[in-house]
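File shown here: work.txt, holding compact mmCIF, C-alpha atoms and all ligand atoms.
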# COMPACT_ATOMS: atom_id res chain seq x y z
CA MET A 1253 203.66 -66.05 -9.99
CA THR A 1254 199.95 -65.47 -10.08
CA PRO A 1255 198.48 -63.47 -12.96
CA THR A 1256 197.44 -60.67 -10.58
CA SER A 1257 200.93 -60.11 -9.25
CA SER A 1258 202.29 -59.40 -12.73
CA ILE A 1259 200.01 -56.37 -13.14
CA GLN A 1260 200.71 -55.06 -9.65
CA PRO A 1261 203.06 -52.11 -9.45
CA THR A 1262 206.68 -52.67 -8.53
CA ALA A 1263 208.31 -51.09 -5.48
CA THR A 1264 209.76 -48.36 -7.70
CA GLU A 1265 206.37 -47.62 -9.21
CA ILE A 1266 204.76 -47.43 -5.76
CA GLU A 1267 207.52 -45.13 -4.61
CA THR A 1268 206.99 -42.80 -7.58
CA GLU A 1269 203.25 -42.76 -7.09
CA LEU A 1270 203.50 -41.98 -3.34
CA LEU A 1271 205.95 -39.14 -3.98
CA ALA A 1272 203.50 -37.75 -6.55
CA PHE A 1273 200.64 -38.03 -4.04
CA LEU A 1274 202.64 -36.18 -1.40
CA HIS A 1275 203.50 -33.53 -3.97
CA GLY A 1276 199.97 -33.12 -5.33
CA ARG A 1277 197.77 -33.58 -2.29
CA GLY A 1278 200.21 -32.84 0.52
CA LYS A 1279 202.06 -30.08 -1.39
CA VAL A 1280 205.44 -31.29 -0.12
CA GLU A 1281 208.65 -32.27 -1.92
CA VAL A 1282 210.38 -35.13 -0.16
CA ALA A 1283 212.92 -37.86 -0.85
CA PRO A 1284 211.96 -41.54 -0.44
CA ASP A 1285 213.76 -41.70 2.91
CA THR A 1286 212.73 -38.29 4.34
CA ASP A 1287 211.24 -38.63 7.83
CA LEU A 1288 207.85 -37.08 7.03
CA PHE A 1289 206.91 -36.34 10.64
CA ALA A 1290 210.27 -35.15 11.98
CA SER A 1291 210.68 -32.86 8.94
CA GLY A 1292 207.22 -31.41 9.56
CA ALA A 1293 206.22 -32.35 5.98
CA VAL A 1294 203.21 -34.29 7.24
CA THR A 1295 200.91 -33.15 10.05
CA SER A 1296 199.09 -35.61 12.25
CA LEU A 1297 195.85 -34.58 10.51
CA PHE A 1298 197.24 -35.39 7.05
CA SER A 1299 198.70 -38.69 8.25
CA LEU A 1300 195.25 -40.31 8.26
CA GLU A 1301 194.80 -39.26 4.65
CA LEU A 1302 198.01 -41.11 3.82
CA VAL A 1303 196.56 -44.26 5.40
CA THR A 1304 193.31 -43.94 3.44
CA HIS A 1305 195.25 -43.33 0.22
CA VAL A 1306 197.48 -46.38 0.70
CA GLU A 1307 194.41 -48.55 1.33
CA ALA A 1308 192.41 -47.26 -1.63
CA ALA A 1309 195.27 -47.23 -4.14
CA TYR A 1310 196.76 -50.63 -3.27
CA GLY A 1311 193.74 -52.59 -2.07
CA VAL A 1312 195.17 -53.32 1.37
CA ALA A 1313 193.70 -52.88 4.86
CA VAL A 1314 195.94 -51.20 7.41
CA VAL A 1315 194.53 -52.34 10.75
CA GLY A 1316 195.55 -53.48 14.23
CA ASP A 1317 199.26 -53.40 14.91
CA GLU A 1318 200.13 -52.20 11.39
CA LEU A 1319 198.25 -48.93 12.00
CA ARG A 1320 201.20 -47.03 13.40
CA MET A 1321 203.16 -43.90 12.50
CA ASP A 1322 206.38 -45.86 11.91
CA ASN A 1323 204.79 -47.52 8.88
CA PHE A 1324 204.09 -44.08 7.38
CA ARG A 1325 207.24 -42.33 8.54
CA SER A 1326 208.75 -42.24 5.03
CA VAL A 1327 207.80 -43.19 1.49
CA ARG A 1328 210.18 -46.15 1.80
CA ALA A 1329 208.42 -47.32 4.98
CA MET A 1330 205.06 -47.14 3.19
CA VAL A 1331 206.39 -49.16 0.25
CA GLY A 1332 207.58 -51.78 2.73
CA LEU A 1333 204.18 -51.86 4.42
CA ILE A 1334 202.30 -52.19 1.10
CA GLU A 1335 204.53 -55.05 -0.07
CA ARG A 1336 204.20 -56.82 3.28
CA LEU A 1337 200.41 -56.51 3.31
CA ARG A 1338 200.11 -57.61 -0.33
CA ALA A 1339 202.27 -60.64 0.34
CA THR A 1340 199.94 -61.80 3.11
CA CYS A 1341 196.86 -61.16 0.91
CA GLU A 1342 198.33 -63.23 -1.92
CA THR A 1343 199.33 -66.22 0.14
CA GLU A 1344 196.01 -66.49 1.94
CA PRO A 1345 193.76 -67.74 -0.92
CA SER A 1346 196.19 -70.57 -1.75
CA HIS A 1347 195.48 -72.08 1.67
CA GLY A 1348 191.79 -72.37 1.03
CA MET B 1312 187.43 -54.19 31.85
CA GLU B 1313 184.65 -55.11 34.31
CA GLU B 1314 183.78 -51.47 34.68
CA GLN B 1315 183.59 -51.15 30.90
CA ASP B 1316 181.44 -54.25 30.48
CA LYS B 1317 178.49 -52.65 32.16
CA SER B 1318 179.10 -49.11 30.98
CA LEU B 1319 177.02 -47.33 28.38
CA VAL B 1320 177.95 -43.74 27.67
CA ALA B 1321 175.31 -41.43 26.20
CA VAL B 1322 176.89 -38.52 24.34
CA LEU B 1323 174.44 -35.68 23.66
CA GLY B 1324 175.39 -33.51 20.67
CA ALA B 1325 177.28 -35.00 17.71
CA GLY B 1326 179.35 -31.97 16.69
CA VAL B 1327 183.11 -31.51 16.93
CA MET B 1328 183.28 -32.56 20.59
CA GLY B 1329 180.53 -35.19 20.61
CA VAL B 1330 182.26 -37.07 17.79
CA GLY B 1331 185.61 -36.85 19.58
CA ILE B 1332 184.21 -38.02 22.93
CA ALA B 1333 182.41 -40.92 21.22
CA ALA B 1334 185.69 -41.92 19.52
CA LEU B 1335 187.50 -41.79 22.88
CA ALA B 1336 184.95 -44.05 24.62
CA LEU B 1337 184.53 -46.56 21.77
CA GLY B 1338 188.27 -46.66 21.21
CA HIS B 1339 188.61 -47.84 24.83
CA GLY B 1340 185.91 -50.47 24.48
CA VAL B 1341 182.96 -48.58 25.99
CA PRO B 1342 179.71 -48.66 23.96
CA VAL B 1343 178.21 -45.29 23.06
CA VAL B 1344 174.82 -43.93 22.12
CA LEU B 1345 175.17 -40.61 20.32
CA VAL B 1346 172.18 -38.23 20.26
CA ASP B 1347 171.64 -35.12 18.14
CA VAL B 1348 168.62 -33.18 16.87
CA ASP B 1349 169.93 -33.26 13.31
CA ASP B 1350 169.82 -36.50 11.26
CA ARG B 1351 172.45 -35.32 8.80
CA VAL B 1352 174.81 -34.48 11.64
CA LEU B 1353 174.36 -38.04 12.95
CA GLU B 1354 175.04 -39.55 9.51
CA LYS B 1355 178.26 -37.57 9.25
CA ALA B 1356 179.18 -38.49 12.83
CA ALA B 1357 178.72 -42.21 12.08
CA ARG B 1358 181.26 -41.82 9.26
CA ASP B 1359 183.64 -39.61 11.25
CA VAL B 1360 183.85 -41.53 14.53
CA PRO B 1361 185.63 -44.58 12.98
CA LEU B 1362 188.09 -42.20 11.25
CA ARG B 1363 188.82 -40.43 14.53
CA ILE B 1364 189.41 -43.82 16.20
CA ARG B 1365 191.82 -44.78 13.41
CA GLN B 1366 193.65 -41.48 13.81
CA GLY B 1367 193.98 -42.11 17.55
CA GLN B 1368 195.32 -45.61 16.88
CA LEU B 1369 197.72 -44.39 14.20
CA LEU B 1370 199.16 -41.84 16.61
CA GLY B 1371 199.41 -44.44 19.38
CA LYS B 1372 196.83 -42.62 21.54
CA LEU B 1373 194.12 -45.32 21.42
CA PRO B 1374 194.58 -49.10 21.84
CA ARG B 1375 195.15 -50.79 18.45
CA THR B 1376 192.21 -53.15 18.61
CA THR B 1377 189.89 -53.95 15.71
CA ASP B 1378 187.25 -55.27 18.10
CA LEU B 1379 185.21 -52.13 18.79
CA PRO B 1380 181.89 -51.92 20.64
CA PRO B 1381 178.83 -50.62 18.76
CA LEU B 1382 178.00 -46.98 18.12
CA THR B 1383 174.27 -46.28 18.21
CA THR B 1384 172.90 -42.96 16.97
CA SER B 1385 169.49 -41.45 17.66
CA THR B 1386 167.53 -38.22 17.36
CA SER B 1387 165.59 -39.11 20.52
CA LEU B 1388 166.84 -38.36 24.01
CA GLU B 1389 165.00 -41.49 25.14
CA ALA B 1390 167.92 -43.45 23.66
CA ALA B 1391 170.01 -42.15 26.57
CA ALA B 1392 167.70 -43.61 29.26
CA ALA B 1393 169.84 -46.72 29.91
CA ALA B 1394 173.14 -44.82 30.09
CA THR B 1395 175.45 -45.31 33.08
CA VAL B 1396 177.05 -41.92 32.40
CA VAL B 1397 175.67 -39.05 30.30
CA ILE B 1398 178.07 -36.61 28.64
CA GLU B 1399 176.36 -33.49 27.32
CA ALA B 1400 178.13 -31.75 24.41
CA VAL B 1401 175.41 -29.71 22.69
CA VAL B 1402 175.95 -26.10 21.56
CA GLU B 1403 177.25 -23.60 24.15
CA MET B 1404 173.86 -21.93 24.59
CA PRO B 1405 172.62 -21.90 28.19
CA GLU B 1406 168.93 -22.29 27.25
CA VAL B 1407 169.63 -25.29 24.99
CA LYS B 1408 171.81 -26.98 27.59
CA ALA B 1409 169.18 -26.31 30.27
CA LYS B 1410 166.46 -27.94 28.18
CA VAL B 1411 168.56 -30.99 27.23
CA LEU B 1412 169.89 -31.59 30.76
CA ARG B 1413 166.42 -31.24 32.25
CA ALA B 1414 164.98 -33.77 29.81
CA VAL B 1415 167.76 -36.30 30.25
CA SER B 1416 167.58 -36.03 34.05
CA GLU B 1417 163.93 -37.10 33.77
CA SER B 1418 164.76 -40.26 31.82
CA VAL B 1419 167.96 -41.71 33.37
CA ALA B 1420 168.15 -43.61 36.66
CA PRO B 1421 168.75 -41.41 39.74
CA GLY B 1422 172.46 -41.34 40.57
CA THR B 1423 173.55 -41.47 36.92
CA PRO B 1424 176.28 -38.82 36.57
CA LEU B 1425 175.19 -36.02 34.23
CA VAL B 1426 178.43 -34.60 32.90
CA SER B 1427 178.48 -31.36 30.93
CA ASN B 1428 181.29 -30.56 28.52
CA THR B 1429 180.42 -26.86 28.73
CA SER B 1430 183.24 -24.46 28.01
CA GLY B 1431 182.26 -22.06 30.75
CA ILE B 1432 178.66 -22.08 31.98
CA PRO B 1433 178.81 -22.51 35.77
CA ILE B 1434 177.95 -26.11 36.67
CA ASP B 1435 175.64 -25.06 39.48
CA GLU B 1436 173.62 -22.95 37.07
CA LEU B 1437 173.15 -25.97 34.76
CA ALA B 1438 172.47 -28.27 37.72
CA GLY B 1439 169.65 -25.98 38.80
CA HIS B 1440 167.69 -26.91 35.67
CA THR B 1441 167.77 -30.65 36.38
CA LEU B 1442 165.72 -32.92 38.66
CA ARG B 1443 168.78 -33.84 40.75
CA PRO B 1444 171.45 -31.10 40.93
CA SER B 1445 173.64 -33.43 43.02
CA ASP B 1446 174.17 -35.69 39.96
CA VAL B 1447 175.59 -32.89 37.78
CA LEU B 1448 179.29 -32.15 37.22
CA GLY B 1449 181.51 -30.78 34.46
CA ALA B 1450 184.18 -32.51 32.37
CA HIS B 1451 185.81 -30.03 30.05
CA PHE B 1452 187.55 -32.19 27.44
CA MET B 1453 190.05 -30.56 25.12
CA ASN B 1454 189.77 -30.93 21.36
CA PRO B 1455 190.44 -33.61 20.19
CA PRO B 1456 189.45 -35.56 23.33
CA TYR B 1457 191.10 -38.83 22.20
CA LEU B 1458 194.48 -37.13 21.70
CA ILE B 1459 194.64 -34.89 24.78
CA ARG B 1460 194.83 -36.88 28.01
CA THR B 1461 194.12 -34.26 30.65
CA VAL B 1462 190.52 -33.31 31.45
CA GLU B 1463 189.40 -30.34 33.57
CA VAL B 1464 186.74 -31.83 35.85
CA ILE B 1465 184.42 -29.38 37.62
CA ARG B 1466 182.76 -30.15 40.91
CA GLY B 1467 179.77 -27.87 41.53
CA PRO B 1468 178.80 -26.83 45.05
CA ARG B 1469 175.95 -29.38 45.00
CA THR B 1470 177.80 -32.24 43.22
CA THR B 1471 178.03 -35.33 45.45
CA ASP B 1472 180.75 -38.01 45.61
CA GLU B 1473 178.13 -40.50 44.41
CA ALA B 1474 178.09 -38.67 41.06
CA LEU B 1475 181.73 -37.56 40.93
CA ASP B 1476 183.31 -40.95 41.72
CA PRO B 1477 181.77 -43.03 38.91
CA ALA B 1478 182.49 -40.21 36.45
CA LEU B 1479 186.14 -40.16 37.54
CA ARG B 1480 186.30 -43.96 37.29
CA LEU B 1481 185.00 -43.79 33.73
CA LEU B 1482 187.61 -41.16 32.84
CA THR B 1483 190.34 -43.36 34.34
CA SER B 1484 189.12 -46.35 32.32
CA LEU B 1485 189.39 -44.12 29.23
CA ASP B 1486 193.03 -43.46 30.19
CA ARG B 1487 192.31 -39.78 30.99
CA GLU B 1488 194.00 -37.76 33.72
CA SER B 1489 191.41 -35.76 35.67
CA ILE B 1490 192.14 -32.51 37.45
CA VAL B 1491 189.19 -31.62 39.66
CA VAL B 1492 188.57 -27.89 40.16
CA GLY B 1493 185.82 -25.72 41.65
CA ASP B 1494 182.93 -24.00 39.91
CA GLY B 1495 182.78 -20.51 38.34
CA ALA B 1496 182.25 -19.03 34.85
CA GLY B 1497 184.97 -20.38 32.53
CA PHE B 1498 186.44 -22.57 35.32
CA VAL B 1499 190.23 -22.42 34.92
CA ILE B 1500 191.09 -22.94 31.26
CA ASN B 1501 188.51 -20.77 29.55
CA ARG B 1502 188.59 -17.95 32.05
CA VAL B 1503 192.12 -17.43 30.74
CA LEU B 1504 192.02 -18.87 27.19
CA GLN B 1505 188.86 -17.18 25.86
CA ARG B 1506 190.12 -13.86 27.14
CA MET B 1507 193.44 -14.45 25.42
CA ILE B 1508 191.74 -15.34 22.11
CA ASN B 1509 189.51 -12.26 22.27
CA GLU B 1510 192.47 -10.00 23.04
CA SER B 1511 194.56 -11.58 20.25
CA ALA B 1512 191.74 -11.02 17.75
CA ARG B 1513 191.43 -7.42 18.96
CA ILE B 1514 195.17 -6.94 18.34
CA VAL B 1515 194.69 -8.11 14.74
CA GLN B 1516 191.59 -5.90 14.40
CA GLU B 1517 193.59 -2.86 15.54
CA GLY B 1518 196.32 -3.61 13.00
CA ILE B 1519 199.00 -4.04 15.67
CA ALA B 1520 200.01 -7.45 14.32
CA THR B 1521 198.78 -10.04 11.81
CA HIS B 1522 197.26 -13.32 13.01
CA GLU B 1523 200.44 -15.13 11.87
CA GLU B 1524 202.61 -12.74 13.90
CA VAL B 1525 200.49 -13.09 17.04
CA ASP B 1526 200.68 -16.89 16.84
CA ALA B 1527 204.39 -16.88 15.97
CA LEU B 1528 205.12 -14.81 19.08
CA PHE B 1529 203.29 -17.18 21.40
CA GLN B 1530 204.97 -20.16 19.76
CA GLY B 1531 208.46 -18.75 19.50
CA CYS B 1532 208.69 -16.71 22.71
CA LEU B 1533 206.50 -18.70 25.07
CA GLY B 1534 206.87 -22.17 23.59
CA HIS B 1535 203.13 -22.66 23.02
CA ARG B 1536 202.59 -25.54 20.62
CA THR B 1537 199.76 -23.66 18.86
CA GLY B 1538 199.16 -19.90 18.89
CA PRO B 1539 195.89 -18.43 20.25
CA LEU B 1540 194.32 -17.72 16.86
CA ALA B 1541 195.12 -21.14 15.37
CA THR B 1542 193.65 -22.55 18.59
CA ALA B 1543 190.52 -20.44 18.05
CA ASP B 1544 190.18 -21.87 14.52
CA LEU B 1545 190.46 -25.38 15.94
CA ILE B 1546 187.81 -24.71 18.61
CA GLY B 1547 185.44 -23.07 16.09
CA LEU B 1548 184.95 -19.28 16.08
CA ASP B 1549 181.16 -19.68 16.51
CA ASN B 1550 181.82 -21.58 19.72
CA VAL B 1551 184.41 -18.99 20.84
CA VAL B 1552 181.84 -16.20 20.43
CA ASP B 1553 179.18 -18.20 22.31
CA SER B 1554 181.66 -18.90 25.12
CA LEU B 1555 182.72 -15.26 25.31
CA ARG B 1556 179.07 -14.20 25.61
CA VAL B 1557 178.55 -16.69 28.44
CA LEU B 1558 181.58 -15.27 30.24
CA HIS B 1559 180.70 -11.64 29.52
CA THR B 1560 177.13 -11.86 30.82
CA ARG B 1561 178.15 -13.77 33.93
CA THR B 1562 181.19 -11.70 34.95
CA GLY B 1563 180.35 -8.26 33.54
CA ASP B 1564 184.02 -8.09 32.52
CA ALA B 1565 184.24 -6.10 29.24
CA GLY B 1566 187.38 -8.05 28.28
CA PHE B 1567 185.07 -10.96 27.45
CA ASP B 1568 182.82 -8.90 25.14
CA PRO B 1569 183.47 -10.59 21.74
CA CYS B 1570 185.43 -8.21 19.48
CA GLU B 1571 184.21 -7.01 16.07
CA LEU B 1572 186.65 -9.14 14.08
CA LEU B 1573 185.41 -12.36 15.72
CA LEU B 1574 181.79 -11.31 15.21
CA SER B 1575 182.34 -10.46 11.55
CA LYS B 1576 184.05 -13.81 10.84
CA VAL B 1577 181.16 -15.67 12.45
CA GLY B 1578 178.73 -13.45 10.54
CA THR B 1579 180.25 -14.50 7.20
CA GLY B 1580 180.31 -18.20 8.16
CA ASP B 1581 184.09 -18.42 8.61
CA PHE B 1582 184.05 -20.65 11.69
CA GLY B 1583 187.63 -21.96 11.39
CA ARG B 1584 188.75 -25.49 10.61
CA LYS B 1585 185.26 -26.93 10.47
CA THR B 1586 184.19 -24.64 7.60
CA GLY B 1587 187.61 -24.49 5.90
CA ARG B 1588 188.32 -20.86 6.83
CA GLY B 1589 188.73 -18.74 9.95
CA PHE B 1590 191.86 -16.76 10.69
CA TYR B 1591 193.62 -19.27 8.43
CA ALA B 1592 192.45 -21.17 5.31
CA TYR B 1593 192.29 -24.98 5.41
CA GLU B 1594 191.99 -27.59 2.70
CA SER B 1595 188.81 -29.68 2.79
N1 LIG A 1601 185.11 -27.10 20.10
C1 LIG A 1601 185.93 -27.18 21.14
O1 LIG A 1601 187.15 -27.12 20.99
C2 LIG A 1601 185.37 -27.40 22.52
C3 LIG A 1601 186.26 -27.79 23.54
C4 LIG A 1601 185.74 -28.05 24.82
C5 LIG A 1601 184.39 -27.89 25.07
N2 LIG A 1601 183.54 -27.47 24.06
C6 LIG A 1601 182.11 -27.38 24.38
O2 LIG A 1601 181.50 -28.57 23.91
C7 LIG A 1601 180.15 -28.30 23.52
C8 LIG A 1601 179.94 -28.70 22.07
O3 LIG A 1601 180.81 -27.93 21.25
P1 LIG A 1601 181.12 -28.32 19.73
O4 LIG A 1601 182.34 -27.57 19.35
O5 LIG A 1601 181.10 -29.80 19.58
O6 LIG A 1601 179.85 -27.67 19.00
P2 LIG A 1601 179.20 -28.06 17.58
O7 LIG A 1601 178.45 -26.87 17.17
O8 LIG A 1601 180.23 -28.65 16.69
O9 LIG A 1601 178.18 -29.24 17.97
C9 LIG A 1601 177.05 -29.06 18.77
C10 LIG A 1601 175.98 -30.06 18.36
O10 LIG A 1601 174.86 -29.98 19.25
C11 LIG A 1601 173.72 -30.31 18.50
N3 LIG A 1601 172.51 -29.90 19.23
C12 LIG A 1601 171.94 -28.67 19.31
N4 LIG A 1601 170.83 -28.72 20.06
C13 LIG A 1601 170.69 -30.01 20.48
C14 LIG A 1601 169.72 -30.70 21.28
N5 LIG A 1601 168.68 -30.06 21.80
N6 LIG A 1601 169.90 -32.03 21.49
C15 LIG A 1601 170.93 -32.69 20.95
N7 LIG A 1601 171.88 -32.09 20.18
C16 LIG A 1601 171.75 -30.77 19.95
C17 LIG A 1601 173.93 -29.59 17.18
O11 LIG A 1601 173.10 -30.15 16.16
C18 LIG A 1601 175.42 -29.84 16.95
O12 LIG A 1601 175.63 -31.00 16.17
C19 LIG A 1601 179.92 -26.82 23.78
O13 LIG A 1601 179.40 -26.65 25.06
C20 LIG A 1601 181.33 -26.26 23.73
O14 LIG A 1601 181.44 -25.04 24.41
C21 LIG A 1601 184.02 -27.25 22.79

Can the structure from this file be put into structure tokens for me?
Amino acid sequence: MTPTSSIQPTATEIETELLAFLHGRGKVEVAPDTDLFASGAVTSLFSLELVTHVEAAYGVAVVGDELRMDNFRSVRAMVGLIERLRATCETEPSHG
Amino acid sequence: MEEQDKSLVAVLGAGVMGVGIAALALGHGVPVVLVDVDDRVLEKAARDVPLRIRQGQLLGKLPRTTDLPPLTTSTSLEAAAAATVVIEAVVEMPEVKAKVLRAVSESVAPGTPLVSNTSGIPIDELAGHTLRPSDVLGAHFMNPPYLIRTVEVIRGPRTTDEALDPALRLLTSLDRESIVVGDGAGFVINRVLQRMINESARIVQEGIATHEEVDALFQGCLGHRTGPLATADLIGLDNVVDSLRVLHTRTGDAGFDPCELLLSKVGTGDFGRKTGRGFYAYES
């Protein structure tokens, strides 16, 4: 455990925050596993805003192969992406 | 890739379409120089192009590479002199296009394809303003150019294979599907589409149906993905009015005379998506 990881939000907290973002900014009510694109809740124009939000709020960079709709298809998928990206960020400094 | 290594695309005009065309080329590894008369427009374009590329990648419509070639911006047409292909996307005003195409034809190497993204000005008319009419052709990209694969390519009566072929090769290297058609005001798409938008707006103006009802009919009954008035908002109502005027003056067909409702929206600055309001309201 590094000191930074203890102040980072848990998966549940991320989930709550993303649902609030979708409610406030996207004006949609969804469940954590709602398919945002199939349900029409998120348009392709708004999808880029989701990416920018995830990056700004969680200090991760979504680039290359991770920049795909499947990673943003549901709140649960986004939580998975954020945790995966944070895990790689945290392990990197210990190598150097 | 070899083709792309020596390519440099000059995009003239950094508005809605110029930004989209620049994103398409850069996203496929082709360097771009983007020219506009307005410095602030270029600053905004330099911020928007990377976002458009990310959107294309997110949607799986552009390769997911992080290794992108440089975007250069300039307020001087001289910056386009070294281009291997020029794509003109300035405002749909015949006199502005004539001036820009003339100037760029004086600075690029002979044989460099001069491609206009005009919505409907006959290619031969534009070609007539340049030093070498044989180098001029049309490529009518749809908006957004990096999401829509098919491009309406226009061969003017004086366009030669020497200009058409390298332009088609560039489009292929950008993963576009080209459909080459003949010349004439509005070509294929806009001869039909602009008329349809004008008529739809006139229907709303006459109180026969609301804009939502018009669009819902085209979507529900004819399976159109977007109705004509939402499409007009996406194009930009200012551009729709300019295009209608081009078509009206060149065909004499009163159906292209822009209706009052379109003119009043443009008059009050409601240009559609790009200003946040047109037939519909949009969030910033
Ligand atoms: N908007 C669409 O959906 C669409 C689709 C296909 C084709 N087109 C055509 O593409 C062209 C551009 O349309 P747009 O929607 O991007 O318009 P726009 O108004 O968004 O952008 C036009 C740009 O041209 C610039 N400009 C004006 N004079 C110039 C000059 N002398 N040199 C360099 N730049 C100059 C303006 O500053 C502006 O930034 C038009 O011919 C239009 O008809 C538009």

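Nearest residue to B:Asp1435 among B:Glu1403, B:Asp1494, B:Glu1473, B:Glu1524 is B:Asp1494, counting all atoms listed in the file.
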
Handout entry: Long-range neighbours of stretch 1330-1340 of chain A as a VMD selection string, 8 Å cut-off, all atoms listed in the file, 4 positions minimum in chain
Key = chain A and resid 1263 1266 to 1267 1306 1310 1312 to 1313 1323 to 1326 1344

Problem - Computed interatomic separation between atom CA of B:Thr1376 and atom CA of B:Val1327 (Å) - result: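 So the two atoms, atom CA of B:Thr1376 and atom CA of B:Val1327, lie 23.5 Å apart.
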
Practice task
Select the residues contacting ligand LIG 1601 (chain A) at a distance of at most 7 Å, based on only C-alpha atoms and all ligand atoms, then format the selection as number ranges by chain.
Solution key: B: 1323-1329, 1346-1349, 1352, 1400-1403, 1407, 1411, 1428-1430, 1451-1454, 1545-1547, 1550, 1554

Output C-alpha atoms for every residue in that selection, as a short mmCIF file (atom, residue, chain, number, x, y, z; two decimals), keeping the file's coordinate frame.
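Okay, out23.cif is ready:
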data_model
loop_
_atom_site.label_atom_id
_atom_site.label_comp_id
_atom_site.auth_asym_id
_atom_site.auth_seq_id
_atom_site.Cartn_x
_atom_site.Cartn_y
_atom_site.Cartn_z
CA LEU B 1323 174.44 -35.68 23.66
CA GLY B 1324 175.39 -33.51 20.67
CA ALA B 1325 177.28 -35.00 17.71
CA GLY B 1326 179.35 -31.97 16.69
CA VAL B 1327 183.11 -31.51 16.93
CA MET B 1328 183.28 -32.56 20.59
CA GLY B 1329 180.53 -35.19 20.61
CA VAL B 1346 172.18 -38.23 20.26
CA ASP B 1347 171.64 -35.12 18.14
CA VAL B 1348 168.62 -33.18 16.87
CA ASP B 1349 169.93 -33.26 13.31
CA VAL B 1352 174.81 -34.48 11.64
CA ALA B 1400 178.13 -31.75 24.41
CA VAL B 1401 175.41 -29.71 22.69
CA VAL B 1402 175.95 -26.10 21.56
CA GLU B 1403 177.25 -23.60 24.15
CA VAL B 1407 169.63 -25.29 24.99
CA VAL B 1411 168.56 -30.99 27.23
CA ASN B 1428 181.29 -30.56 28.52
CA THR B 1429 180.42 -26.86 28.73
CA SER B 1430 183.24 -24.46 28.01
CA HIS B 1451 185.81 -30.03 30.05
CA PHE B 1452 187.55 -32.19 27.44
CA MET B 1453 190.05 -30.56 25.12
CA ASN B 1454 189.77 -30.93 21.36
CA LEU B 1545 190.46 -25.38 15.94
CA ILE B 1546 187.81 -24.71 18.61
CA GLY B 1547 185.44 -23.07 16.09
CA ASN B 1550 181.82 -21.58 19.72
CA SER B 1554 181.66 -18.90 25.12
#

Practice task
Between atom CA of B:His1440 and atom CA of B:Lys1410, measure the distance and give it in Å to one decimal.
Solution key: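 The value is 7.7 Å.
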
Each chain B residue no farther than 6 Å from chain A, nearest pair in Å, all atoms listed in the file, as a Markdown table:
| residue | atom | partner | partner_atom | distance |
| --- | --- | --- | --- | --- |
| B:Gln1366 | CA | A:Leu1300 | CA | 5.9 |
| B:Leu1369 | CA | A:Arg1320 | CA | 4.4 |
| B:Arg1375 | CA | A:Gly1316 | CA | 5.0 |
| B:Thr1376 | CA | A:Gly1316 | CA | 5.5 |
| B:Thr1377 | CA | A:Gly1316 | CA | 5.9 |
